[in-house]
Amino acid sequence: MANLYIDNVHKSFGETHILKGIDMDIADGEFIILVGPSGCGKSTLMNCIAGLEQVTTGRVIIDDEDVTQSMPKDRDIAMVFQSYALYPNMNVWKNIAFGLEIRKLPKEEIEETVGRVADLLQIRDLLKRKPSQLSGGQRQRVAMGRALARDPKIFLFDEPLSNLDAKLRVEMRTEIKKLHQRLGTTIVYVTHDQIEAMTLANRIAVMKEGHIQQFGTPQEVYDNPANQFVAGFMGSPSMNFIRCQVVDHQGDATIAMSVDGKDFHLPIPQQEKGVRERVGQEVVLGIRPEQITDVVPQQEQASTLANVDAEIIVTEPTGADTLTLIRMNDQEVNCRVHPARAGAPGDTMTFMINMDKAVFFDLASGDRI
Amino acid sequence: MTVKHSNRRYSEITGRAVLYAILIIVAIYYLIPLVIMISTSFRDMNDIRFGHLIDLPSSFSFEAWRMAWSEVQIGARRQLGLRPYFINSLLITIPAVTISVILGAVNGYVLSFWRFKGSNIFFALLLFGCFLPFQAILLPQATVLGKIGLSGTIPGLVLTHVVYGVAFTTLFYRNYYVSLPGELVKAAQLDGAGFWRIFWRIILPLSTPITVVAVIWQFTQIWNDFLFGVAFSSPQSQPVTVGLNNMVNSSTGEVRYNVDMAGAIIAALPTLAVYVIAGKYFVRGLTAGSVKG
Ligand SMILES: Nc1ncnc2c1ncn2[C@@H]1O[C@H](COP(=O)(O)OP(=O)(O)OP(=O)(O)O)[C@@H](O)[C@H]1O
Ligand SMILES: [Mg+2]
């Protein structure tokens, strides 16, 4: 158990700058999710925290102690590697027990710990096997087991569930959440899975090209993205971005929109004050698919609503909802409608646009307005 | 369709037959000298004297082998036969192979997993050692051996072979280790293992294929070495290659082919044995790295 403070960490490999000033202040017991596109430096940051890569400049502070120059083994960190990194010459049992043996735990305690971890990860039958005799998902669970057998200050998980089937992944996700609630160990966890990110995190850090774009609670990041990149990255299917003009309509700033040749105005929500000052300018409207639905009568009174008839281009049923593609301002927009109410491609149906959670970005910089 | 198909099979079979024929001819071509050596070594001198030099033995005896091993007078040496030279070769080869292979493994381990500033330059310079011709180091090495008082001794020869061999063994191990995933060492570090423990427990157990390659390579190089053996030895520390040469050259009177052949086989036997025992791994080890665990 420990807090973790990453202070302006830079990391370069030769001339390539990978991490360009990472600042994170992580409290004791927090569950931090790190997301970002492939190659943005997530694994590199994990390696820097663990001490497996020397930071170029900056500091890593664990438990109020500067460990920037400490050896990995002195930092008391357990990590699940993206590539598993199981010891090929040892069987599963040995793989899990190796770290415990080095730390000179008594034999009975090692036996007990390995057993407990094996049960947790459902790998008890595999204990005698070598890594080469395991499937990808089994190897990944062994890699998890090796970390979970320890009781470190900090857990680092680099995409630990990426190779599991859907059912096992959900089970393991729950196990990790329970484990965190029980142990309260600080965790930094990399994932590409939106649901994992939203369900597990106390806070999410969104990274891009070596910078942290936003660091906040899942709801903050989802509802209040700092810029267009974060907005587009979080959420699946991703947020719709529609270029549009801010106009003065009967003394009020609104958004001019045209759907299938019909012009109309969309209200700007109360909290988006900045946009009102941009009358006459073009901005990017960000609105999530679930904000554009079939008409729900009991909500129809709200001031942030607008109904519009639009022609359906494509439908993609997902089971729970049907994703429906329409065109607004000549740009494709995804809407999420009830399967029973969804029309067929070519039909025209009425959509209800809820501007309550709409956000706006600067056209040039992509920053939030 | 069927006709075409059987045609193709027919041509495939002829192709194969031609291939095997060529292989067999080449194999015979290579094996004949060995067969003649072996058969001659079991003939007695009368048989050779009155028959053809190249002939199957009409008699069969171990006489020539015994002579070569422990009875022929070689130079002015008091002990007879190749035996003392053979023992010298063992005393040179075994420690030299062991030490150079261990050093190569540790070097390769450091150069692959514990890079330091300038380690690439270090490795490049080390590679020069592989391309250095033997003759080039004769004089400087003789001076060094003289200065440290190891001229003409077995430890001096061991040292020479170790120094010269480390370049090769390092190259072998380094190239093998860079193909292993670096995360293995990282994971072991987080598990709390140090430099040597990671080497012993994680890396070395994965090194069998390349160790076989390095041992075979070093063993044949050192055992078969003649130049260092002749240049840096005294009569008391000469290896078997030098002994064989002296034996063949110093025989007075008629040439005893059977003894010479037996001696040559004795000198070649250990390398042959190493190949037979470990040759399978040798081929496998050379292609290792493409096969991940
Ligand atoms: N040892 C290294 N030498 C040079 N470049 C490296 C090294 N390790 C990583 N990189 C580069 O750093 C960048 C970030 O790599 P990193 O593995 O941190 O990405 P990531 O965010 O974890 O991506 P992914 O989601 O695909 O795992 C990549 O462009 C990669 O090529
Ligand atoms: Mg990664």
# chains A, B, ... in the order shown; residues from 1 in each chain; ligands from 1
>>> closest_atom_pairs(of="chain B", to="ligand 1", cutoff="12 Å", atoms="only C-alpha atoms and all ligand atoms", output="CSV")
residue,atom,partner,partner_atom_place_in_ligand_line,distance
B:Phe113,CA,ligand 1,1 (N),11.6
B:Arg115,CA,ligand 1,1 (N),11.5
B:Pro181,CA,ligand 1,1 (N),11.8
B:Gly182,CA,ligand 1,1 (N),9.7
B:Glu183,CA,ligand 1,1 (N),11.0
>>> write_last_selection(atoms="C-alpha atoms", output="compact mmCIF listing (two decimals), in the first residue's frame")
# COMPACT_ATOMS: atom_id res chain seq x y z
CA PHE B 113 20.39 -7.78 -20.92
CA ARG B 115 23.60 -2.91 -21.56
CA PRO B 181 12.42 -11.83 -24.73
CA GLY B 182 13.94 -9.10 -22.53
CA GLU B 183 10.83 -9.10 -20.34
>>> select_by_dssp(residues="region 24-169 of chain B", states="alpha helix (DSSP H)", output="PyMOL selection string")
chain B and resi 24-41+45-50+63-70+83-113+119-131+138-147+154-169
>>> residues_near_ligand(ligand="ligand 2", cutoff="10 Å", atoms="only C-alpha atoms and all ligand atoms", output="PyMOL selection string")
chain A and resi 35-47+81-83+158-159+190-192
>>> write_last_selection(atoms="N, CA, C and O atoms", output="PDB file, in the first residue's frame")
ATOM      1  N   VAL A  35      -5.339   4.557 -20.358  1.00  0.00           N
ATOM      2  CA  VAL A  35      -5.762   4.193 -21.710  1.00  0.00           C
ATOM      3  C   VAL A  35      -5.076   5.116 -22.708  1.00  0.00           C
ATOM      4  O   VAL A  35      -4.558   6.175 -22.349  1.00  0.00           O
ATOM      5  N   GLY A  36      -5.092   4.693 -23.954  1.00  0.00           N
ATOM      6  CA  GLY A  36      -4.489   5.504 -25.010  1.00  0.00           C
ATOM      7  C   GLY A  36      -4.216   4.627 -26.202  1.00  0.00           C
ATOM      8  O   GLY A  36      -4.145   3.410 -26.079  1.00  0.00           O
ATOM      9  N   PRO A  37      -4.056   5.250 -27.357  1.00  0.00           N
ATOM     10  CA  PRO A  37      -3.849   4.451 -28.569  1.00  0.00           C
ATOM     11  C   PRO A  37      -2.543   3.675 -28.514  1.00  0.00           C
ATOM     12  O   PRO A  37      -1.644   4.007 -27.749  1.00  0.00           O
ATOM     13  N   SER A  38      -2.456   2.654 -29.331  1.00  0.00           N
ATOM     14  CA  SER A  38      -1.271   1.809 -29.363  1.00  0.00           C
ATOM     15  C   SER A  38      -0.030   2.642 -29.676  1.00  0.00           C
ATOM     16  O   SER A  38      -0.056   3.484 -30.568  1.00  0.00           O
ATOM     17  N   GLY A  39       1.008   2.419 -28.900  1.00  0.00           N
ATOM     18  CA  GLY A  39       2.270   3.119 -29.152  1.00  0.00           C
ATOM     19  C   GLY A  39       2.385   4.475 -28.483  1.00  0.00           C
ATOM     20  O   GLY A  39       3.346   5.195 -28.710  1.00  0.00           O
ATOM     21  N   CYS A  40       1.414   4.840 -27.629  1.00  0.00           N
ATOM     22  CA  CYS A  40       1.465   6.172 -27.024  1.00  0.00           C
ATOM     23  C   CYS A  40       2.389   6.201 -25.822  1.00  0.00           C
ATOM     24  O   CYS A  40       2.675   7.264 -25.272  1.00  0.00           O
ATOM     25  N   GLY A  41       2.875   5.046 -25.359  1.00  0.00           N
ATOM     26  CA  GLY A  41       3.842   5.058 -24.271  1.00  0.00           C
ATOM     27  C   GLY A  41       3.335   4.486 -22.956  1.00  0.00           C
ATOM     28  O   GLY A  41       3.973   4.659 -21.919  1.00  0.00           O
ATOM     29  N   LYS A  42       2.233   3.760 -22.989  1.00  0.00           N
ATOM     30  CA  LYS A  42       1.684   3.216 -21.746  1.00  0.00           C
ATOM     31  C   LYS A  42       2.639   2.217 -21.097  1.00  0.00           C
ATOM     32  O   LYS A  42       2.968   2.334 -19.909  1.00  0.00           O
ATOM     33  N   SER A  43       3.089   1.253 -21.899  1.00  0.00           N
ATOM     34  CA  SER A  43       4.001   0.245 -21.340  1.00  0.00           C
ATOM     35  C   SER A  43       5.306   0.893 -20.894  1.00  0.00           C
ATOM     36  O   SER A  43       5.890   0.498 -19.883  1.00  0.00           O
ATOM     37  N   THR A  44       5.754   1.870 -21.646  1.00  0.00           N
ATOM     38  CA  THR A  44       6.985   2.572 -21.271  1.00  0.00           C
ATOM     39  C   THR A  44       6.821   3.239 -19.908  1.00  0.00           C
ATOM     40  O   THR A  44       7.715   3.166 -19.058  1.00  0.00           O
ATOM     41  N   LEU A  45       5.659   3.868 -19.702  1.00  0.00           N
ATOM     42  CA  LEU A  45       5.417   4.512 -18.406  1.00  0.00           C
ATOM     43  C   LEU A  45       5.405   3.477 -17.286  1.00  0.00           C
ATOM     44  O   LEU A  45       5.981   3.695 -16.211  1.00  0.00           O
ATOM     45  N   MET A  46       4.784   2.337 -17.538  1.00  0.00           N
ATOM     46  CA  MET A  46       4.754   1.269 -16.526  1.00  0.00           C
ATOM     47  C   MET A  46       6.180   0.832 -16.191  1.00  0.00           C
ATOM     48  O   MET A  46       6.537   0.648 -15.023  1.00  0.00           O
ATOM     49  N   ASN A  47       6.994   0.654 -17.227  1.00  0.00           N
ATOM     50  CA  ASN A  47       8.388   0.250 -17.014  1.00  0.00           C
ATOM     51  C   ASN A  47       9.146   1.291 -16.204  1.00  0.00           C
ATOM     52  O   ASN A  47       9.999   0.947 -15.388  1.00  0.00           O
ATOM     53  N   PHE A  81       3.128  -8.378 -17.254  1.00  0.00           N
ATOM     54  CA  PHE A  81       3.639  -7.837 -18.501  1.00  0.00           C
ATOM     55  C   PHE A  81       2.672  -8.102 -19.636  1.00  0.00           C
ATOM     56  O   PHE A  81       2.008  -9.134 -19.677  1.00  0.00           O
ATOM     57  N   GLN A  82       2.657  -7.165 -20.576  1.00  0.00           N
ATOM     58  CA  GLN A  82       1.807  -7.303 -21.753  1.00  0.00           C
ATOM     59  C   GLN A  82       2.141  -8.594 -22.502  1.00  0.00           C
ATOM     60  O   GLN A  82       1.275  -9.261 -23.035  1.00  0.00           O
ATOM     61  N   SER A  83       3.432  -8.959 -22.487  1.00  0.00           N
ATOM     62  CA  SER A  83       3.859 -10.170 -23.194  1.00  0.00           C
ATOM     63  C   SER A  83       3.962 -11.366 -22.249  1.00  0.00           C
ATOM     64  O   SER A  83       4.602 -12.347 -22.582  1.00  0.00           O
ATOM     65  N   ASP A 158      -0.418  -4.594 -17.163  1.00  0.00           N
ATOM     66  CA  ASP A 158      -0.375  -4.129 -18.551  1.00  0.00           C
ATOM     67  C   ASP A 158      -1.254  -5.029 -19.414  1.00  0.00           C
ATOM     68  O   ASP A 158      -0.847  -6.117 -19.809  1.00  0.00           O
ATOM     69  N   GLU A 159      -2.454  -4.589 -19.664  1.00  0.00           N
ATOM     70  CA  GLU A 159      -3.458  -5.349 -20.436  1.00  0.00           C
ATOM     71  C   GLU A 159      -3.559  -6.796 -19.960  1.00  0.00           C
ATOM     72  O   GLU A 159      -3.322  -7.734 -20.732  1.00  0.00           O
ATOM     73  N   VAL A 190      -3.400  -0.917 -17.398  1.00  0.00           N
ATOM     74  CA  VAL A 190      -3.544  -0.503 -18.792  1.00  0.00           C
ATOM     75  C   VAL A 190      -4.587  -1.372 -19.465  1.00  0.00           C
ATOM     76  O   VAL A 190      -4.594  -2.591 -19.277  1.00  0.00           O
ATOM     77  N   THR A 191      -5.479  -0.770 -20.223  1.00  0.00           N
ATOM     78  CA  THR A 191      -6.444  -1.576 -20.961  1.00  0.00           C
ATOM     79  C   THR A 191      -6.888  -0.849 -22.215  1.00  0.00           C
ATOM     80  O   THR A 191      -6.792   0.372 -22.315  1.00  0.00           O
ATOM     81  N   HIS A 192      -7.346  -1.623 -23.196  1.00  0.00           N
ATOM     82  CA  HIS A 192      -7.980  -1.041 -24.372  1.00  0.00           C
ATOM     83  C   HIS A 192      -9.484  -1.254 -24.308  1.00  0.00           C
ATOM     84  O   HIS A 192     -10.199  -0.874 -25.219  1.00  0.00           O
TER      85      HIS A 192
END
>>> atom_distance(atom1="CA of Leu132 (chain B)", atom2="CA of Ala167 (chain B)")
10.1 Å
>>> interface_residues(of="chain A", to="chain B", cutoff="9 Å", atoms="only C-alpha atoms", output="VMD selection string")
chain A and resid 47 50 to 52 71 to 81 83 to 90 98 to 100 102 to 103 131 to 132 146 to 147 150
>>> write_last_selection(atoms="C-alpha atoms", output="JSON list (two decimals), in the first residue's frame")
[["chain", "number", "residue", "atom", "x", "y", "z"],
["A", 47, "ASN", "CA", 8.39, 0.25, -17.01],
["A", 50, "ALA", "CA", 8.74, -0.22, -11.99],
["A", 51, "GLY", "CA", 12.30, 0.95, -12.53],
["A", 52, "LEU", "CA", 12.86, -1.37, -15.48],
["A", 71, "MET", "CA", 16.56, -0.88, -8.35],
["A", 72, "PRO", "CA", 13.28, -2.55, -9.41],
["A", 73, "LYS", "CA", 13.47, -5.12, -6.61],
["A", 74, "ASP", "CA", 13.71, -2.38, -3.99],
["A", 75, "ARG", "CA", 10.55, -0.66, -5.18],
["A", 76, "ASP", "CA", 8.30, -3.52, -4.11],
["A", 77, "ILE", "CA", 6.17, -3.56, -7.24],
["A", 78, "ALA", "CA", 4.47, -6.51, -8.89],
["A", 79, "MET", "CA", 3.72, -6.32, -12.57],
["A", 80, "VAL", "CA", 1.84, -8.26, -15.21],
["A", 81, "PHE", "CA", 3.64, -7.84, -18.50],
["A", 83, "SER", "CA", 3.86, -10.17, -23.19],
["A", 84, "TYR", "CA", 3.35, -12.31, -20.04],
["A", 85, "ALA", "CA", 7.11, -12.97, -19.69],
["A", 86, "LEU", "CA", 6.62, -16.37, -18.08],
["A", 87, "TYR", "CA", 9.82, -18.26, -17.31],
["A", 88, "PRO", "CA", 9.84, -20.95, -20.04],
["A", 89, "ASN", "CA", 11.98, -23.40, -18.07],
["A", 90, "MET", "CA", 9.70, -23.46, -15.01],
["A", 98, "PHE", "CA", 9.68, -17.89, -7.83],
["A", 99, "GLY", "CA", 9.28, -14.42, -6.36],
["A", 100, "LEU", "CA", 8.16, -15.84, -3.04],
["A", 102, "ILE", "CA", 13.53, -15.37, -3.48],
["A", 103, "ARG", "CA", 11.88, -13.37, -0.74],
["A", 131, "PRO", "CA", 4.24, -22.27, -20.26],
["A", 132, "SER", "CA", 4.74, -23.70, -23.75],
["A", 146, "ARG", "CA", 2.66, -14.40, -10.47],
["A", 147, "ALA", "CA", 1.81, -10.81, -9.60],
["A", 150, "ARG", "CA", 2.91, -11.13, -3.96]]
>>> select_by_dssp(residues="region 68-234 of chain A", states="strand (DSSP E)", output="JSON, numbers by chain")
{"A": [77, 78, 79, 80, 154, 155, 156, 157, 158, 186, 187, 188, 189, 190, 203, 204, 205, 206, 207, 208, 211, 212, 213, 214, 215, 216]}
>>> residues_around(residues="Ala262 (chain B)", least_positions_apart="3", cutoff="12 Å", atoms="only C-alpha atoms", output="mmCIF file with N, CA, C and O atoms, in the first residue's frame")
data_model
loop_
_atom_site.group_PDB
_atom_site.id
_atom_site.type_symbol
_atom_site.label_atom_id
_atom_site.label_comp_id
_atom_site.auth_asym_id
_atom_site.auth_seq_id
_atom_site.Cartn_x
_atom_site.Cartn_y
_atom_site.Cartn_z
ATOM 1 N N LEU B 34 38.526 -42.071 -45.055
ATOM 2 C CA LEU B 34 38.362 -42.551 -43.683
ATOM 3 C C LEU B 34 38.402 -44.077 -43.648
ATOM 4 O O LEU B 34 39.073 -44.681 -42.801
ATOM 5 N N ILE B 36 39.847 -46.063 -45.747
ATOM 6 C CA ILE B 36 41.218 -46.524 -45.999
ATOM 7 C C ILE B 36 42.076 -46.350 -44.751
ATOM 8 O O ILE B 36 42.851 -47.242 -44.370
ATOM 9 N N MET B 37 41.904 -45.209 -44.096
ATOM 10 C CA MET B 37 42.668 -44.994 -42.863
ATOM 11 C C MET B 37 42.385 -46.092 -41.853
ATOM 12 O O MET B 37 43.294 -46.687 -41.276
ATOM 13 N N ILE B 38 41.092 -46.352 -41.656
ATOM 14 C CA ILE B 38 40.727 -47.339 -40.642
ATOM 15 C C ILE B 38 41.253 -48.717 -41.034
ATOM 16 O O ILE B 38 41.872 -49.419 -40.227
ATOM 17 N N SER B 39 41.052 -49.099 -42.300
ATOM 18 C CA SER B 39 41.472 -50.455 -42.686
ATOM 19 C C SER B 39 42.993 -50.587 -42.624
ATOM 20 O O SER B 39 43.518 -51.596 -42.163
ATOM 21 N N THR B 40 43.684 -49.524 -43.047
ATOM 22 C CA THR B 40 45.148 -49.600 -42.998
ATOM 23 C C THR B 40 45.650 -49.737 -41.571
ATOM 24 O O THR B 40 46.625 -50.446 -41.296
ATOM 25 N N SER B 41 44.982 -49.049 -40.648
ATOM 26 C CA SER B 41 45.471 -49.062 -39.270
ATOM 27 C C SER B 41 45.390 -50.456 -38.650
ATOM 28 O O SER B 41 46.057 -50.736 -37.660
ATOM 29 N N PHE B 42 44.542 -51.315 -39.243
ATOM 30 C CA PHE B 42 44.423 -52.670 -38.698
ATOM 31 C C PHE B 42 45.264 -53.701 -39.456
ATOM 32 O O PHE B 42 45.253 -54.867 -39.146
ATOM 33 N N ARG B 43 45.977 -53.262 -40.480
ATOM 34 C CA ARG B 43 46.842 -54.203 -41.211
ATOM 35 C C ARG B 43 48.232 -54.221 -40.566
ATOM 36 O O ARG B 43 48.615 -53.283 -39.880
ATOM 37 N N ASP B 44 48.976 -55.298 -40.839
ATOM 38 C CA ASP B 44 50.356 -55.235 -40.353
ATOM 39 C C ASP B 44 51.289 -54.852 -41.495
ATOM 40 O O ASP B 44 50.907 -54.818 -42.664
ATOM 41 N N SER B 61 45.088 -56.768 -36.874
ATOM 42 C CA SER B 61 45.742 -56.694 -35.571
ATOM 43 C C SER B 61 45.664 -55.282 -35.007
ATOM 44 O O SER B 61 45.505 -54.301 -35.753
ATOM 45 N N PHE B 62 45.743 -55.207 -33.698
ATOM 46 C CA PHE B 62 45.748 -53.913 -33.020
ATOM 47 C C PHE B 62 47.167 -53.397 -32.816
ATOM 48 O O PHE B 62 47.370 -52.411 -32.137
ATOM 49 N N GLU B 63 48.099 -54.120 -33.426
ATOM 50 C CA GLU B 63 49.511 -53.815 -33.218
ATOM 51 C C GLU B 63 49.817 -52.332 -33.485
ATOM 52 O O GLU B 63 50.423 -51.642 -32.665
ATOM 53 N N ALA B 64 49.362 -51.855 -34.661
ATOM 54 C CA ALA B 64 49.673 -50.477 -35.053
ATOM 55 C C ALA B 64 49.107 -49.489 -34.043
ATOM 56 O O ALA B 64 49.726 -48.478 -33.716
ATOM 57 N N TRP B 65 47.915 -49.768 -33.536
ATOM 58 C CA TRP B 65 47.291 -48.879 -32.554
ATOM 59 C C TRP B 65 48.127 -48.832 -31.281
ATOM 60 O O TRP B 65 48.328 -47.761 -30.709
ATOM 61 N N ARG B 66 48.569 -50.036 -30.846
ATOM 62 C CA ARG B 66 49.367 -50.068 -29.620
ATOM 63 C C ARG B 66 50.661 -49.290 -29.808
ATOM 64 O O ARG B 66 51.060 -48.511 -28.965
ATOM 65 N N MET B 67 51.285 -49.511 -30.972
ATOM 66 C CA MET B 67 52.519 -48.799 -31.279
ATOM 67 C C MET B 67 52.307 -47.286 -31.217
ATOM 68 O O MET B 67 53.032 -46.554 -30.544
ATOM 69 N N ALA B 68 51.296 -46.833 -31.942
ATOM 70 C CA ALA B 68 51.055 -45.391 -32.017
ATOM 71 C C ALA B 68 50.755 -44.819 -30.631
ATOM 72 O O ALA B 68 51.205 -43.735 -30.273
ATOM 73 N N TRP B 69 50.003 -45.551 -29.839
ATOM 74 C CA TRP B 69 49.557 -45.037 -28.551
ATOM 75 C C TRP B 69 50.713 -44.968 -27.555
ATOM 76 O O TRP B 69 50.878 -43.957 -26.869
ATOM 77 N N SER B 70 51.518 -46.051 -27.501
ATOM 78 C CA SER B 70 52.471 -46.068 -26.388
ATOM 79 C C SER B 70 53.857 -46.617 -26.712
ATOM 80 O O SER B 70 54.649 -46.808 -25.802
ATOM 81 N N VAL B 72 55.854 -45.999 -30.126
ATOM 82 C CA VAL B 72 56.781 -45.377 -31.076
ATOM 83 C C VAL B 72 57.627 -44.319 -30.387
ATOM 84 O O VAL B 72 57.184 -43.637 -29.464
ATOM 85 N N GLY B 81 55.305 -43.017 -27.611
ATOM 86 C CA GLY B 81 53.937 -43.010 -28.113
ATOM 87 C C GLY B 81 53.258 -41.652 -28.021
ATOM 88 O O GLY B 81 53.814 -40.679 -27.524
ATOM 89 N N LEU B 82 52.007 -41.654 -28.510
ATOM 90 C CA LEU B 82 51.225 -40.410 -28.525
ATOM 91 C C LEU B 82 50.574 -40.104 -27.183
ATOM 92 O O LEU B 82 50.044 -39.021 -26.982
ATOM 93 N N LEU B 244 51.554 -35.866 -33.289
ATOM 94 C CA LEU B 244 51.295 -36.649 -34.499
ATOM 95 C C LEU B 244 52.236 -36.214 -35.619
ATOM 96 O O LEU B 244 52.843 -37.039 -36.311
ATOM 97 N N MET B 247 55.621 -37.456 -34.936
ATOM 98 C CA MET B 247 55.689 -38.898 -35.109
ATOM 99 C C MET B 247 55.846 -39.254 -36.588
ATOM 100 O O MET B 247 56.707 -40.035 -36.965
ATOM 101 N N VAL B 248 55.008 -38.654 -37.423
ATOM 102 C CA VAL B 248 55.040 -38.971 -38.853
ATOM 103 C C VAL B 248 56.375 -38.545 -39.454
ATOM 104 O O VAL B 248 56.943 -39.234 -40.298
ATOM 105 N N ARG B 256 55.849 -46.299 -41.706
ATOM 106 C CA ARG B 256 54.911 -47.296 -41.204
ATOM 107 C C ARG B 256 53.496 -46.724 -41.317
ATOM 108 O O ARG B 256 52.994 -46.089 -40.396
ATOM 109 N N TYR B 257 52.909 -46.982 -42.474
ATOM 110 C CA TYR B 257 51.600 -46.378 -42.742
ATOM 111 C C TYR B 257 50.577 -46.761 -41.697
ATOM 112 O O TYR B 257 49.760 -45.955 -41.287
ATOM 113 N N ASN B 258 50.603 -48.035 -41.284
ATOM 114 C CA ASN B 258 49.569 -48.474 -40.339
ATOM 115 C C ASN B 258 49.649 -47.705 -39.022
ATOM 116 O O ASN B 258 48.647 -47.270 -38.472
ATOM 117 N N VAL B 259 50.866 -47.466 -38.540
ATOM 118 C CA VAL B 259 51.021 -46.710 -37.288
ATOM 119 C C VAL B 259 50.604 -45.261 -37.494
ATOM 120 O O VAL B 259 49.898 -44.670 -36.663
ATOM 121 N N ILE B 265 44.054 -41.352 -36.425
ATOM 122 C CA ILE B 265 42.689 -41.599 -35.925
ATOM 123 C C ILE B 265 42.608 -41.307 -34.432
ATOM 124 O O ILE B 265 41.652 -40.691 -33.947
ATOM 125 N N ILE B 266 43.643 -41.718 -33.706
ATOM 126 C CA ILE B 266 43.655 -41.423 -32.261
ATOM 127 C C ILE B 266 43.532 -39.924 -32.030
ATOM 128 O O ILE B 266 42.743 -39.449 -31.209
ATOM 129 N N ALA B 267 44.296 -39.148 -32.821
ATOM 130 C CA ALA B 267 44.275 -37.703 -32.638
ATOM 131 C C ALA B 267 42.913 -37.109 -32.985
ATOM 132 O O ALA B 267 42.524 -36.072 -32.450
ATOM 133 N N ALA B 268 42.194 -37.761 -33.900
ATOM 134 C CA ALA B 268 40.916 -37.199 -34.348
ATOM 135 C C ALA B 268 39.724 -37.714 -33.548
ATOM 136 O O ALA B 268 38.637 -37.160 -33.627
ATOM 137 N N LEU B 269 39.956 -38.776 -32.774
ATOM 138 C CA LEU B 269 38.837 -39.458 -32.129
ATOM 139 C C LEU B 269 37.982 -38.565 -31.209
ATOM 140 O O LEU B 269 36.752 -38.608 -31.289
#
>>> residues_around(residues="Val246 (chain A)", least_positions_apart="6", cutoff="7 Å", atoms="only C-alpha atoms", output="number ranges by chain")
A: 253-256, 278-282
>>> write_last_selection(atoms="N, CA, C and O atoms", output="tab-separated table (two decimals), in the first residue's frame")
chain	number	residue	atom	x	y	z
A	253	ALA	N	-28.27	32.31	-28.60
A	253	ALA	CA	-27.27	31.57	-29.37
A	253	ALA	C	-27.72	30.13	-29.50
A	253	ALA	O	-28.03	29.47	-28.51
A	254	THR	N	-27.75	29.63	-30.73
A	254	THR	CA	-28.12	28.23	-30.96
A	254	THR	C	-27.19	27.63	-32.02
A	254	THR	O	-26.34	28.32	-32.56
A	255	ILE	N	-27.42	26.35	-32.27
A	255	ILE	CA	-26.62	25.66	-33.27
A	255	ILE	C	-27.46	25.48	-34.52
A	255	ILE	O	-28.57	24.94	-34.44
A	256	ALA	N	-26.93	25.92	-35.66
A	256	ALA	CA	-27.65	25.73	-36.91
A	256	ALA	C	-27.35	24.34	-37.44
A	256	ALA	O	-26.21	23.91	-37.49
A	278	ARG	N	-19.51	32.59	-29.23
A	278	ARG	CA	-18.90	32.35	-30.55
A	278	ARG	C	-19.91	32.46	-31.68
A	278	ARG	O	-19.82	31.75	-32.68
A	279	VAL	N	-20.89	33.30	-31.51
A	279	VAL	CA	-21.91	33.44	-32.55
A	279	VAL	C	-21.24	33.82	-33.87
A	279	VAL	O	-20.35	34.67	-33.91
A	280	GLY	N	-21.62	33.12	-34.93
A	280	GLY	CA	-21.05	33.40	-36.24
A	280	GLY	C	-19.86	32.51	-36.56
A	280	GLY	O	-19.41	32.45	-37.70
A	281	GLN	N	-19.35	31.81	-35.56
A	281	GLN	CA	-18.18	30.96	-35.81
A	281	GLN	C	-18.59	29.50	-36.01
A	281	GLN	O	-19.65	29.08	-35.59
A	282	GLU	N	-17.69	28.77	-36.63
A	282	GLU	CA	-17.89	27.33	-36.76
A	282	GLU	C	-17.27	26.62	-35.56
A	282	GLU	O	-16.17	26.98	-35.12
>>> residues_around(residues="Ser151 (chain B)", least_positions_apart="3", cutoff="12 Å", atoms="only C-alpha atoms", output="VMD selection string")
chain B and resid 141 to 148 154 to 160 228 to 237
>>> residues_around(residues="Asn354 (chain A)", least_positions_apart="3", cutoff="9 Å", atoms="only C-alpha atoms", output="PyMOL selection string")
chain A and resi 287+290-293+302+304-307+357-358
>>> atom_distance(atom1="CA of Met45 (chain B)", atom2="CA of Asn245 (chain B)")
20.3 Å
